[in-house]
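Student: The following block contains the structure, expressed as structure tokens.
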Amino acid sequence: MNSELIQRLPALSVEEDLLTQEALWRLLRRQARLYAPESSSLPAETAAALAESIRLTLGVDRDPRILLCADLEQRLRLGQRRLTQKVELSKQLWRTVCLTLPEIGNRSLTDTLRSIGGFWNRYDVHFFAQEVPCDMDYQLSQPVSETLQGVDYVNDWLRRLCLEQDFLRRFDPSSVRAVVAGSCPDYRGLLINLFEPVAVNALGLSLLGENPRFLSVSPSLRRKLEAQFARLTEMESDAALSAGAESLSAGLGIQNRQTVQYLNSLALGLRPRLRAALDAGTLEYVFLEFLSFL
């Protein structure tokens, strides 16, 4: 195994760094023997993956000094048990998501959930804890941080999808389908997010003090939004959008702070799109009107 597989750890003295590198090497040799007991060597890529799994399982990136502890093998086993508990949580989140799917079909969402359904049978907490052995093609409105790995990534993805689906269930399903179809006619087959067009329309209505559950934004209401945002600076637009997200949450009876923050992030992310649409002369393709239910 190559010494370059073990990355230098930040926030340590030179002496501490040497000690942690030695400790990590010992663990890596142990894991390599367990992973391939009949082999005296491993491909560099496999060894690097084993080392990354050790770091993740111990939480080395959060606290490099954990490698200075005398009971590292025990701590590694404890870390693996914590990961196993997180896998159990992922099963619960997945079941919740599957039981609360919105009444609107989308192939990428269905395929992604089907793939996640086999995640815990393929996930290896002992050797490759950083991997995500499933296909997750469905696009969330607010992507999961790429700093998360393994089961942590999957669980955060599922939590975010739970928030999105809980939001969609607060509206009439036919209205939801109408808004999504207005945003993307082939919403069943394409890689789109179902939550975002509905949330944007509901936000637009809340910005005007209208009932967000109506969802449809008429041309007259859209013109009011155009007049409102045309005169605002970027800072003023951000303030108005954040206030709109708070108003939307209150209007829908949303008390979960994570959902409120999720809506606020969506609202603030909408500002560049609003500005570009206003420069083009209309918000017609931002806030959608539908005349009949699908």
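Every chain in the structure tokens has a letter given in the order shown (A, B, ...), and although residue numbers restart at 1 in each chain, ligands are simply numbered from 1 in the order shown.
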Skip Glu88 (chain A) itself and residues of its chain fewer than 4 positions away, then list as a PDB file with N, CA and C atoms, in the first residue's frame all residues within 12 Å of it, counting only C-alpha atoms.
Tutor:
ATOM      1  N   ARG A  81     -21.483   0.393  14.537  1.00  0.00           N
ATOM      2  CA  ARG A  81     -22.823   0.201  15.113  1.00  0.00           C
ATOM      3  C   ARG A  81     -23.679   1.444  14.904  1.00  0.00           C
ATOM      4  N   ARG A  82     -23.063   2.622  15.034  1.00  0.00           N
ATOM      5  CA  ARG A  82     -23.821   3.857  14.779  1.00  0.00           C
ATOM      6  C   ARG A  82     -24.296   3.906  13.333  1.00  0.00           C
ATOM      7  N   LEU A  83     -23.448   3.498  12.418  1.00  0.00           N
ATOM      8  CA  LEU A  83     -23.850   3.466  11.008  1.00  0.00           C
ATOM      9  C   LEU A  83     -24.993   2.481  10.780  1.00  0.00           C
ATOM     10  N   THR A  84     -24.928   1.348  11.470  1.00  0.00           N
ATOM     11  CA  THR A  84     -26.006   0.363  11.357  1.00  0.00           C
ATOM     12  C   THR A  84     -27.323   0.941  11.844  1.00  0.00           C
ATOM     13  N   GLN A  92     -36.764   3.501   7.829  1.00  0.00           N
ATOM     14  CA  GLN A  92     -37.971   4.184   8.299  1.00  0.00           C
ATOM     15  C   GLN A  92     -38.309   5.368   7.403  1.00  0.00           C
ATOM     16  N   LEU A  93     -37.299   6.165   7.056  1.00  0.00           N
ATOM     17  CA  LEU A  93     -37.530   7.321   6.193  1.00  0.00           C
ATOM     18  C   LEU A  93     -38.040   6.878   4.824  1.00  0.00           C
ATOM     19  N   TRP A  94     -37.449   5.817   4.295  1.00  0.00           N
ATOM     20  CA  TRP A  94     -37.862   5.314   2.984  1.00  0.00           C
ATOM     21  C   TRP A  94     -39.312   4.847   3.013  1.00  0.00           C
ATOM     22  N   ARG A  95     -39.689   4.136   4.074  1.00  0.00           N
ATOM     23  CA  ARG A  95     -41.087   3.685   4.171  1.00  0.00           C
ATOM     24  C   ARG A  95     -42.032   4.880   4.265  1.00  0.00           C
ATOM     25  N   PHE A 119     -30.849  -0.326  -0.953  1.00  0.00           N
ATOM     26  CA  PHE A 119     -29.610   0.286  -0.445  1.00  0.00           C
ATOM     27  C   PHE A 119     -29.029  -0.491   0.724  1.00  0.00           C
ATOM     28  N   TRP A 120     -29.883  -0.822   1.716  1.00  0.00           N
ATOM     29  CA  TRP A 120     -29.349  -1.435   2.934  1.00  0.00           C
ATOM     30  C   TRP A 120     -28.857  -2.850   2.710  1.00  0.00           C
ATOM     31  N   ASN A 121     -29.260  -3.483   1.624  1.00  0.00           N
ATOM     32  CA  ASN A 121     -28.730  -4.811   1.304  1.00  0.00           C
ATOM     33  C   ASN A 121     -27.360  -4.733   0.634  1.00  0.00           C
ATOM     34  N   TYR A 123     -25.232  -1.801   1.108  1.00  0.00           N
ATOM     35  CA  TYR A 123     -24.357  -0.879   1.843  1.00  0.00           C
ATOM     36  C   TYR A 123     -23.440  -1.661   2.780  1.00  0.00           C
ATOM     37  N   VAL A 151     -24.497   6.477   4.220  1.00  0.00           N
ATOM     38  CA  VAL A 151     -25.857   6.492   4.754  1.00  0.00           C
ATOM     39  C   VAL A 151     -26.271   7.901   5.172  1.00  0.00           C
ATOM     40  N   ASP A 152     -25.327   8.753   5.564  1.00  0.00           N
ATOM     41  CA  ASP A 152     -25.669  10.133   5.915  1.00  0.00           C
ATOM     42  C   ASP A 152     -26.230  10.877   4.707  1.00  0.00           C
ATOM     43  N   VAL A 154     -27.766   9.457   2.078  1.00  0.00           N
ATOM     44  CA  VAL A 154     -29.076   8.888   1.773  1.00  0.00           C
ATOM     45  C   VAL A 154     -30.134   9.398   2.743  1.00  0.00           C
ATOM     46  N   ASN A 155     -29.803   9.444   4.032  1.00  0.00           N
ATOM     47  CA  ASN A 155     -30.787   9.885   5.024  1.00  0.00           C
ATOM     48  C   ASN A 155     -31.148  11.349   4.850  1.00  0.00           C
TER      49      ASN A 155
END
Student: Which residues of region 241-289 of chain A sit at most 9 Å from region 189-206 of chain A, using only C-alpha atoms? Give each one's shortest atom pair and distance in Å (one decimal place), in chain and ascending residue order, as JSON lines.
Tutor:
{"residue": "A:Leu241", "atom": "CA", "partner": "A:Leu203", "partner_atom": "CA", "distance": 8.2}
{"residue": "A:Gly244", "atom": "CA", "partner": "A:Ser206", "partner_atom": "CA", "distance": 5.8}
{"residue": "A:Ala245", "atom": "CA", "partner": "A:Leu203", "partner_atom": "CA", "distance": 6.4}
{"residue": "A:Ser247", "atom": "CA", "partner": "A:Ser206", "partner_atom": "CA", "distance": 6.2}
{"residue": "A:Leu248", "atom": "CA", "partner": "A:Ser206", "partner_atom": "CA", "distance": 5.5}
{"residue": "A:Gly251", "atom": "CA", "partner": "A:Ser206", "partner_atom": "CA", "distance": 7.9}
{"residue": "A:Leu263", "atom": "CA", "partner": "A:Ala199", "partner_atom": "CA", "distance": 7.7}
{"residue": "A:Leu266", "atom": "CA", "partner": "A:Glu196", "partner_atom": "CA", "distance": 7.9}
{"residue": "A:Ala267", "atom": "CA", "partner": "A:Leu203", "partner_atom": "CA", "distance": 7.6}
{"residue": "A:Leu270", "atom": "CA", "partner": "A:Val200", "partner_atom": "CA", "distance": 8.2}
{"residue": "A:Val286", "atom": "CA", "partner": "A:Val200", "partner_atom": "CA", "distance": 7.6}
{"residue": "A:Phe287", "atom": "CA", "partner": "A:Asn201", "partner_atom": "CA", "distance": 5.3}
{"residue": "A:Leu288", "atom": "CA", "partner": "A:Asn201", "partner_atom": "CA", "distance": 6.5}
{"residue": "A:Glu289", "atom": "CA", "partner": "A:Asn201", "partner_atom": "CA", "distance": 8.7}
Student: How about saving the chosen residues, C-alpha atoms kept, as a PDB file, in the first residue's frame?
Tutor:
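Generated file (selection25.pdb):
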ATOM      1  CA  LEU A 241     -38.967  36.775  -0.588  1.00  0.00           C
ATOM      2  CA  GLY A 244     -43.134  35.635   1.673  1.00  0.00           C
ATOM      3  CA  ALA A 245     -41.717  32.259   2.698  1.00  0.00           C
ATOM      4  CA  SER A 247     -46.090  34.033   5.334  1.00  0.00           C
ATOM      5  CA  LEU A 248     -46.501  30.926   3.179  1.00  0.00           C
ATOM      6  CA  GLY A 251     -50.696  30.230   5.858  1.00  0.00           C
ATOM      7  CA  LEU A 263     -38.960  27.220   1.747  1.00  0.00           C
ATOM      8  CA  LEU A 266     -36.160  28.181  -2.303  1.00  0.00           C
ATOM      9  CA  ALA A 267     -37.463  31.747  -2.076  1.00  0.00           C
ATOM     10  CA  LEU A 270     -35.709  32.454  -6.884  1.00  0.00           C
ATOM     11  CA  VAL A 286     -42.228  31.848 -13.300  1.00  0.00           C
ATOM     12  CA  PHE A 287     -45.704  32.076 -11.781  1.00  0.00           C
ATOM     13  CA  LEU A 288     -48.103  29.843 -13.646  1.00  0.00           C
ATOM     14  CA  GLU A 289     -51.833  30.007 -14.310  1.00  0.00           C
TER      15      GLU A 289
END
Student: Measuring between only C-alpha atoms, which one of A:Leu18, A:Leu221, A:Ile104, A:Leu27 shows the shortest distance to Leu76 (chain A)?
Tutor: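 Closest candidate: A:Leu27.
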Student: Of the candidates A:Arg275, A:Arg222, A:Arg122, A:Arg55, which shows the shortest atom-to-atom distance to Asp238 (chain A), using only C-alpha atoms?
Tutor: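 Comparing A:Arg275, A:Arg222, A:Arg122, A:Arg55 against Asp238 (chain A), the winner is A:Arg275.
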Student: Hey, what's within 8 Å of Gln149 (chain A) if we count only C-alpha atoms and toss same-chain stuff fewer than 5 positions away? As a JSON list (two decimals) with N, CA and C atoms, in the first residue's frame, please?
Tutor:
[["chain", "number", "residue", "atom", "x", "y", "z"],
["A", 129, "ALA", "N", -18.00, 2.43, 4.01],
["A", 129, "ALA", "CA", -19.09, 3.20, 4.61],
["A", 129, "ALA", "C", -19.37, 4.49, 3.86],
["A", 130, "GLN", "N", -18.45, 4.96, 3.04],
["A", 130, "GLN", "CA", -18.63, 6.22, 2.33],
["A", 130, "GLN", "C", -19.42, 6.07, 1.04],
["A", 131, "GLU", "N", -19.67, 4.86, 0.61],
["A", 131, "GLU", "CA", -20.30, 4.65, -0.68],
["A", 131, "GLU", "C", -21.83, 4.73, -0.60],
["A", 132, "VAL", "N", -22.44, 5.04, -1.73],
["A", 132, "VAL", "CA", -23.90, 5.11, -1.85],
["A", 132, "VAL", "C", -24.30, 4.16, -2.98],
["A", 154, "VAL", "N", -27.77, 9.46, 2.08],
["A", 154, "VAL", "CA", -29.08, 8.89, 1.77],
["A", 154, "VAL", "C", -30.13, 9.40, 2.74]]
Student: From the set A:Asp137, A:Glu226, A:Glu210, A:Asp17, which residue has the shortest atom-to-atom contact distance to Leu283 (chain A), counting only C-alpha atoms?
Tutor: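 Nearest to Leu283 (chain A): A:Glu226.
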Student: Neighbours of Ala36 (chain A) within 12 Å (only C-alpha atoms; same-chain residues fewer than 6 positions away dropped), as a list of chain:residue names?
Tutor: A:Leu28, A:Arg29, A:Arg30, A:Leu42, A:Pro43, A:Thr46, A:Ala47, A:Leu50, A:Phe127
Student: Select, from A:Ser39, A:Gln80, A:Ser218, A:Gln31, the residue with the minimum atom-to-atom distance to Tyr285 (chain A), counting only C-alpha atoms.
Tutor: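 Checking each of A:Ser39, A:Gln80, A:Ser218, A:Gln31 against Tyr285 (chain A), counting only C-alpha atoms, the winner is A:Ser218.
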Student: Taking the backbone alone, and naming residues the way the document does, which bits of region 27-82 of chain A are helix (DSSP H, G or I) by DSSP, as a PyMOL selection string?
Tutor: chain A and resi 27-35+44-58+64-68+72-82
Student: Emit the selected residues as a short mmCIF file (atom, residue, chain, number, x, y, z; two decimals), in the first residue's frame, including N, CA and C atoms.
Tutor:
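Once written, again-v2.cif looks like this:
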data_model
loop_
_atom_site.label_atom_id
_atom_site.label_comp_id
_atom_site.auth_asym_id
_atom_site.auth_seq_id
_atom_site.Cartn_x
_atom_site.Cartn_y
_atom_site.Cartn_z
N LEU A 27 -4.90 0.60 11.57
CA LEU A 27 -6.29 0.24 11.30
C LEU A 27 -6.49 -0.21 9.86
N LEU A 28 -5.81 0.47 8.94
CA LEU A 28 -5.96 0.11 7.53
C LEU A 28 -5.42 -1.29 7.27
N ARG A 29 -4.29 -1.63 7.88
CA ARG A 29 -3.75 -2.98 7.71
C ARG A 29 -4.73 -4.02 8.27
N ARG A 30 -5.33 -3.71 9.42
CA ARG A 30 -6.30 -4.63 10.02
C ARG A 30 -7.50 -4.81 9.10
N GLN A 31 -8.05 -3.70 8.60
CA GLN A 31 -9.20 -3.77 7.71
C GLN A 31 -8.88 -4.49 6.41
N ALA A 32 -7.67 -4.27 5.90
CA ALA A 32 -7.27 -4.94 4.67
C ALA A 32 -7.20 -6.45 4.87
N ARG A 33 -6.70 -6.88 6.02
CA ARG A 33 -6.64 -8.33 6.29
C ARG A 33 -8.05 -8.92 6.41
N LEU A 34 -8.95 -8.16 7.05
CA LEU A 34 -10.32 -8.65 7.18
C LEU A 34 -11.04 -8.68 5.84
N TYR A 35 -10.76 -7.69 5.02
CA TYR A 35 -11.44 -7.60 3.73
C TYR A 35 -10.93 -8.66 2.76
N ALA A 44 -4.55 -0.15 -5.22
CA ALA A 44 -4.46 1.15 -4.54
C ALA A 44 -5.84 1.77 -4.34
N GLU A 45 -6.73 1.59 -5.33
CA GLU A 45 -8.06 2.18 -5.22
C GLU A 45 -8.84 1.55 -4.06
N THR A 46 -8.71 0.25 -3.88
CA THR A 46 -9.41 -0.44 -2.80
C THR A 46 -8.87 -0.01 -1.45
N ALA A 47 -7.54 0.08 -1.35
CA ALA A 47 -6.92 0.51 -0.09
C ALA A 47 -7.34 1.93 0.26
N ALA A 48 -7.40 2.79 -0.74
CA ALA A 48 -7.82 4.17 -0.49
C ALA A 48 -9.26 4.22 -0.02
N ALA A 49 -10.11 3.36 -0.61
CA ALA A 49 -11.52 3.32 -0.20
C ALA A 49 -11.65 2.80 1.23
N LEU A 50 -10.85 1.81 1.60
CA LEU A 50 -10.87 1.30 2.97
C LEU A 50 -10.45 2.39 3.96
N ALA A 51 -9.42 3.15 3.59
CA ALA A 51 -8.95 4.22 4.46
C ALA A 51 -10.02 5.30 4.63
N GLU A 52 -10.70 5.64 3.52
CA GLU A 52 -11.76 6.64 3.59
C GLU A 52 -12.91 6.16 4.47
N SER A 53 -13.22 4.88 4.38
CA SER A 53 -14.28 4.31 5.21
C SER A 53 -13.91 4.40 6.69
N ILE A 54 -12.67 4.14 7.03
CA ILE A 54 -12.21 4.25 8.43
C ILE A 54 -12.38 5.68 8.92
N ARG A 55 -11.94 6.62 8.12
CA ARG A 55 -12.02 8.03 8.51
C ARG A 55 -13.47 8.44 8.76
N LEU A 56 -14.36 8.02 7.87
CA LEU A 56 -15.78 8.37 8.01
C LEU A 56 -16.38 7.71 9.25
N THR A 57 -16.07 6.44 9.45
CA THR A 57 -16.66 5.69 10.56
C THR A 57 -16.23 6.27 11.91
N LEU A 58 -14.98 6.70 12.00
CA LEU A 58 -14.46 7.27 13.25
C LEU A 58 -14.81 8.75 13.40
N PRO A 64 -9.82 15.05 14.30
CA PRO A 64 -8.65 14.25 13.94
C PRO A 64 -7.97 13.59 15.15
N ARG A 65 -8.13 14.19 16.32
CA ARG A 65 -7.44 13.65 17.49
C ARG A 65 -8.04 12.35 18.00
N ILE A 66 -9.13 11.94 17.43
CA ILE A 66 -9.69 10.65 17.83
C ILE A 66 -8.70 9.52 17.52
N LEU A 67 -7.84 9.76 16.52
CA LEU A 67 -6.85 8.75 16.17
C LEU A 67 -5.74 8.63 17.21
N LEU A 68 -5.70 9.53 18.18
CA LEU A 68 -4.72 9.46 19.26
C LEU A 68 -5.21 8.60 20.41
N LEU A 72 -8.76 2.39 19.59
CA LEU A 72 -9.28 2.71 18.26
C LEU A 72 -10.13 1.59 17.67
N GLU A 73 -9.73 0.35 17.86
CA GLU A 73 -10.50 -0.75 17.29
C GLU A 73 -11.91 -0.79 17.90
N GLN A 74 -11.99 -0.55 19.20
CA GLN A 74 -13.31 -0.50 19.84
C GLN A 74 -14.11 0.68 19.31
N ARG A 75 -13.47 1.82 19.12
CA ARG A 75 -14.17 2.98 18.59
C ARG A 75 -14.63 2.75 17.16
N LEU A 76 -13.85 2.01 16.41
CA LEU A 76 -14.26 1.68 15.05
C LEU A 76 -15.51 0.81 15.07
N ARG A 77 -15.54 -0.16 15.98
CA ARG A 77 -16.73 -1.02 16.09
C ARG A 77 -17.95 -0.21 16.53
N LEU A 78 -17.74 0.73 17.47
CA LEU A 78 -18.84 1.60 17.90
C LEU A 78 -19.35 2.45 16.73
N GLY A 79 -18.40 2.95 15.93
CA GLY A 79 -18.79 3.73 14.76
C GLY A 79 -19.59 2.90 13.76
N GLN A 80 -19.21 1.67 13.59
CA GLN A 80 -19.96 0.78 12.69
C GLN A 80 -21.35 0.51 13.22
N ARG A 81 -21.48 0.39 14.54
CA ARG A 81 -22.82 0.20 15.11
C ARG A 81 -23.68 1.44 14.90
N ARG A 82 -23.06 2.62 15.03
CA ARG A 82 -23.82 3.86 14.78
C ARG A 82 -24.30 3.91 13.33
#
Student: Pick out the closest residue to Leu168 (chain A) from this set: A:Ser40, A:Ser237, A:Thr259, A:Thr112. Count only C-alpha atoms.
Tutor: A:Thr259
Student: Give me, as a list in words, all polymer residues having an atom no more than 9 Å from Thr100 (chain A), counting only C-alpha atoms and skipping those fewer than 3 positions away in the same chain.
Tutor: Arg95, Thr96, Val97, Glu103, Cys162, Gln165, Asp166 and Arg169 of chain A
Student: Put those residues in a file: N, CA and C atoms, as a PDB file, in the first residue's frame.
Tutor:
ATOM      1  N   ARG A  95     -39.689   4.136   4.074  1.00  0.00           N
ATOM      2  CA  ARG A  95     -41.087   3.685   4.171  1.00  0.00           C
ATOM      3  C   ARG A  95     -42.032   4.880   4.265  1.00  0.00           C
ATOM      4  N   THR A  96     -41.650   5.892   5.030  1.00  0.00           N
ATOM      5  CA  THR A  96     -42.472   7.097   5.147  1.00  0.00           C
ATOM      6  C   THR A  96     -42.656   7.762   3.790  1.00  0.00           C
ATOM      7  N   VAL A  97     -41.565   7.889   3.043  1.00  0.00           N
ATOM      8  CA  VAL A  97     -41.625   8.517   1.723  1.00  0.00           C
ATOM      9  C   VAL A  97     -42.531   7.713   0.788  1.00  0.00           C
ATOM     10  N   GLU A 103     -49.938  12.360  -5.275  1.00  0.00           N
ATOM     11  CA  GLU A 103     -50.781  11.731  -6.308  1.00  0.00           C
ATOM     12  C   GLU A 103     -50.429  12.287  -7.679  1.00  0.00           C
ATOM     13  N   CYS A 162     -39.003  13.988   2.191  1.00  0.00           N
ATOM     14  CA  CYS A 162     -40.149  13.996   3.115  1.00  0.00           C
ATOM     15  C   CYS A 162     -40.713  15.402   3.263  1.00  0.00           C
ATOM     16  N   GLN A 165     -42.605  16.319   0.039  1.00  0.00           N
ATOM     17  CA  GLN A 165     -43.881  15.615  -0.119  1.00  0.00           C
ATOM     18  C   GLN A 165     -44.900  16.074   0.916  1.00  0.00           C
ATOM     19  N   ASP A 166     -44.452  16.385   2.123  1.00  0.00           N
ATOM     20  CA  ASP A 166     -45.377  16.918   3.125  1.00  0.00           C
ATOM     21  C   ASP A 166     -45.971  18.244   2.651  1.00  0.00           C
ATOM     22  N   ARG A 169     -48.659  17.610  -0.088  1.00  0.00           N
ATOM     23  CA  ARG A 169     -49.918  17.027   0.412  1.00  0.00           C
ATOM     24  C   ARG A 169     -50.862  18.073   0.993  1.00  0.00           C
TER      25      ARG A 169
END
Student: Considering only C-alpha atoms, can you say which of A:Gly281, A:Gly118, A:Pro272, A:Gly209 comes closest to Ser90 (chain A)?
Tutor: A:Gly118
Student: Please indicate the distance in Å from CA of Phe290 (chain A) to CA of Pro212 (chain A), rounded to one decimal place.
Tutor: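 Interatomic distance here is 14.0 Å.
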Student: Quick one: residues within 10 Å of Ser115 (chain A), only C-alpha atoms, excluding same-chain residues fewer than 5 positions away - as a list of chain:residue names?
Tutor: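 Once the nearby chain positions are removed, what remains is A:Leu109, A:Thr110, A:Pro133, A:Cys134, A:Asp135, A:Met136, A:Asp137.
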